[in-house]
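Structure first, then comments.
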Amino acid sequence: MKNRIILVDILVIENCVKYDYKVEGEWSRFFTNNEFYIQYSSRIKNYAMETLCIPFVCNILPIAWLYDAEIVLDSIDESFYNCISDLKNGYMNMYPMLEFSDQVIKTRKIISRTSVLKKDRAGCLFSGGVDAFSTMISHYEERPILFTLWGADVDVENKEGWNVVSEHINQVSKAFGLEYAPIKSSFRKVINEMALNEEIAKKVHDDWWHGFQHGISILSHIAPLVIEYNLDKVYIASSFTSEDVGVTCASDPTIDNFLIFSGCRVIHDGYENDRQRKIHNICQFRRETKIPIEVRVCYESVNGDNCCHCEKCTRTMLGIIAEGEDPRDFGFCCSDEQITKMMQAFKEIAYGLVYPNRIWREKTYSQIQNAFKSNYKKDSMPDALKWFWDYDCKKLNITENRDSYAQIYFDFGNGFSEENSTKMYCWKDKINILKVKLPPETINIRFDPTNFDCECTIMEVKYNGLKSEKTLVPVNNLNQGNTDVFLTNDPQYLVPISRNIEVRELEIQYYCRALDKDEIIEKCNELLMQEQEINNELKSKVLLLEQELKILQERKSLFRRMKRKLRVFDKN
């Protein structure tokens with residue numbers, strides 16, 4: 001059967017849009033059949049079916065290209081329809097090793113709506129991070145409408161986390177005097193990202209969300225609002241620059257800048273500025289305007305705030321300190337002790353990163369280093385960071401490691417399988433921090449700390465950001481105190497999860513030391529010796545048992561003889 005997705009109907013009720021669809025063909029495994037809905041902040045008064053379909057189409061376009069599938073719908077906006085081939089060219093140039101099919105849209109009507117626009121307003125996708133703030137303040141005089149998507153970084157079912165994010169952006173919009181229009185969407189729930197990661201994304205050393213989905217999928221949610229807000233353009237902040245060679249990302253100027261809907265164009269903004277320059281601009285804007293700025297950068301916290309210890313939080317805090325500012329003035333709630341500890345520890349801790357690549361990481365930290373040299377003298381550097389002044393950033397533990405990986409398995413009721421698992425790169429002989437968001441249907445978890453013979457120490461386990469007293473249960477280990485020895489390239493732990501609390505995020509901090517050939521031989525010899533000792537002990541016990549058995553048999557024989565004598569006496 002031909003791979004096909006059919007948009008049967010679009011239902012609009014007040015401010016909510018629901019998509020009725022059905023999937024056909026072998027690519028069905030990449031879809032969950034969950035409801036696809038979008039909830040806007042206010043009632044949509046001026047909408048058209050040809051633009052309402054755009055979020056639905058953009059969410060699945062990359063899958064359709066890769067699996068030669070058809071997207072069947074009744075009507076589509078002309079300007080969007082005409083840009084689809086340009087969008088595909090952007091993906092093809094980014095991933096030349098993959099094959100993308102030709103035209104995938106099957107529609108009865110192509111409708112133009114550009115003439116109704118006044119073309120006098122700007123929108124800005126705003127997450128509250130460094131990139132988003134940099135773009136917003138760069139175009140502050142245009143008074144852009146701030147659009148934020150619940151369901152992108154914060155799970156659509158995580159109300160607590162979203163409340164933190166929404167309250168933050170509400171405060172930003174009030175402080176800057178800008179309109180804020182939040183959007184809620186289940187668009188990530190309809191796609192089986194795990195299956196796409198395994199089948200497609202791992203081939204390009206990225207994940208589906210970052211490498212293929214998030215750019216046009218997020219942007220497309222604004223399409224139904226173009227007429228409502230008379231939008232002429234929408235800004236999306238860049239994450240990288242033209243110098244970031246080899247970095248793949250679904251939000252890229254070669255893709256975003258070609259996206260058009262109802263005559264509204266998308267502008268991939270800030271591509272000329274590296275991250276440290278953006279931090280510099282934000283700090284300078286705050287000093288000059290006195291408008292408070294609190295950035296939200298953490299992609300590890302499930303509660304929507306900054307955890308202050310993941311790699312991205314660490315990198316941002318260092319960048320702010322390099323500009324002579326205090327991270328606590330920019331939304332990082334931490335003590336002096338925590339900041340000092342972060343400064344000392346970040347070169348030693350290995351973070352489980354899959355993207356971007358090593359060169360990008362080295363360059364980013366070198367830019368922070370250069371900012372320190374521009375704004376400080378070595379003697380005025382914080383004591384805990386003096387080591388960073390002339391440190392070779394190539395030695396940081398934030399580099400590519402394609403050989404070693406940890407793996408988390410999710411059991412949805414049918415046991416553990418490769419299909420329902422996710423991998424993260426890990427480090428030999430270093431502390432690893434593994435964080436993973438759990439699918440809501442998870443009932444059991446297995447954690448494989450690495451893929452080599454090792455000694456492993458579980459240092460800390462957190463559920464939903466809170467430290468747990470529960471310990472992981474090793475499956476195939478040799479126990480040596482607090483350390484587990486695994487003489488296998490498939491070490492395994494079972495992770496206890498509570499049935500009374502919804503666990504949305506798991507964090508495991510552990511130390512993993514690789515065993516070399518001599519150590520493995522030594523451990524095996526120890527095992528053989530232990531086996532010999534056990535065998536000798538068993539032989540001794542067997543010998544004792546045999547002796548006791550012989551005594552019992554002799555006693556039994558004696559009892560029988562006495563019994564026979566008693567019978568003789570009875571007869572007489």
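We name chains A, B, ... following the order of the structure tokens; residues begin at 1 in each chain, and ligands are numbered from 1 as shown.
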
TODO: Name the residues in contact with Glu441 of chain A at a cut-off of 12 Å, using only C-alpha atoms, excluding same-chain residues fewer than 5 positions from it; report them as JSON, numbers by chain.
DONE: {"A": [410, 411, 412, 413, 414, 420, 499, 502, 503, 504]}

Task: Residues of segment 435-491 of chain A in strand (DSSP E or B), written as a PyMOL selection string - done: chain A and resi 435-437+444-448+454-463+466-467+473-474+478-480+483-486

Task: Asn34 of chain A environment, 10 Å, only C-alpha atoms, sequence neighbours closer than 6 positions dropped, as a list in words - done: Ser186, Phe187, Arg188, Lys189, Val190 and Ile191 of chain A

Open item on the list: Report as a VMD selection string all protein, DNA and RNA residues lying within 12 Å of Cys334 of chain A, evaluated on only C-alpha atoms, omitting residues in the same chain fewer than 6 positions from it.
Closed with: chain A and resid 305 to 309 313 to 314 317 326 to 328 340 to 342

Open item on the list: For the structure I just gave you, how does DSSP split segment 286-513 of chain A - specifically, which residues are alpha helix (DSSP H)? Reply as a ChimeraX atom specification.
Closed with: /A:286-289,311-322,336-345,358-375

Open item on the list: So that I can check the surroundings of Pro96 of chain A, please list as a ChimeraX atom specification every protein, DNA and RNA residue that reaches within 12 Å of it, counting only C-alpha atoms and ignoring chain neighbours fewer than 5 positions away.
Closed with: /A:88-91,203-204,248

Restricting the output to C-alpha atoms, write the selected residues as an mmCIF file, in the first residue's frame.
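Result file is out.cif:
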```cif
data_model
loop_
_atom_site.group_PDB
_atom_site.id
_atom_site.type_symbol
_atom_site.label_atom_id
_atom_site.label_comp_id
_atom_site.auth_asym_id
_atom_site.auth_seq_id
_atom_site.Cartn_x
_atom_site.Cartn_y
_atom_site.Cartn_z
ATOM 1 C CA LYS A 88 13.090 20.459 0.503
ATOM 2 C CA ASN A 89 16.239 21.790 -1.187
ATOM 3 C CA GLY A 90 17.388 23.095 2.185
ATOM 4 C CA TYR A 91 17.006 19.633 3.721
ATOM 5 C CA LYS A 203 22.452 8.002 10.410
ATOM 6 C CA VAL A 204 23.311 11.699 10.574
ATOM 7 C CA THR A 248 22.907 20.090 11.296
#
```
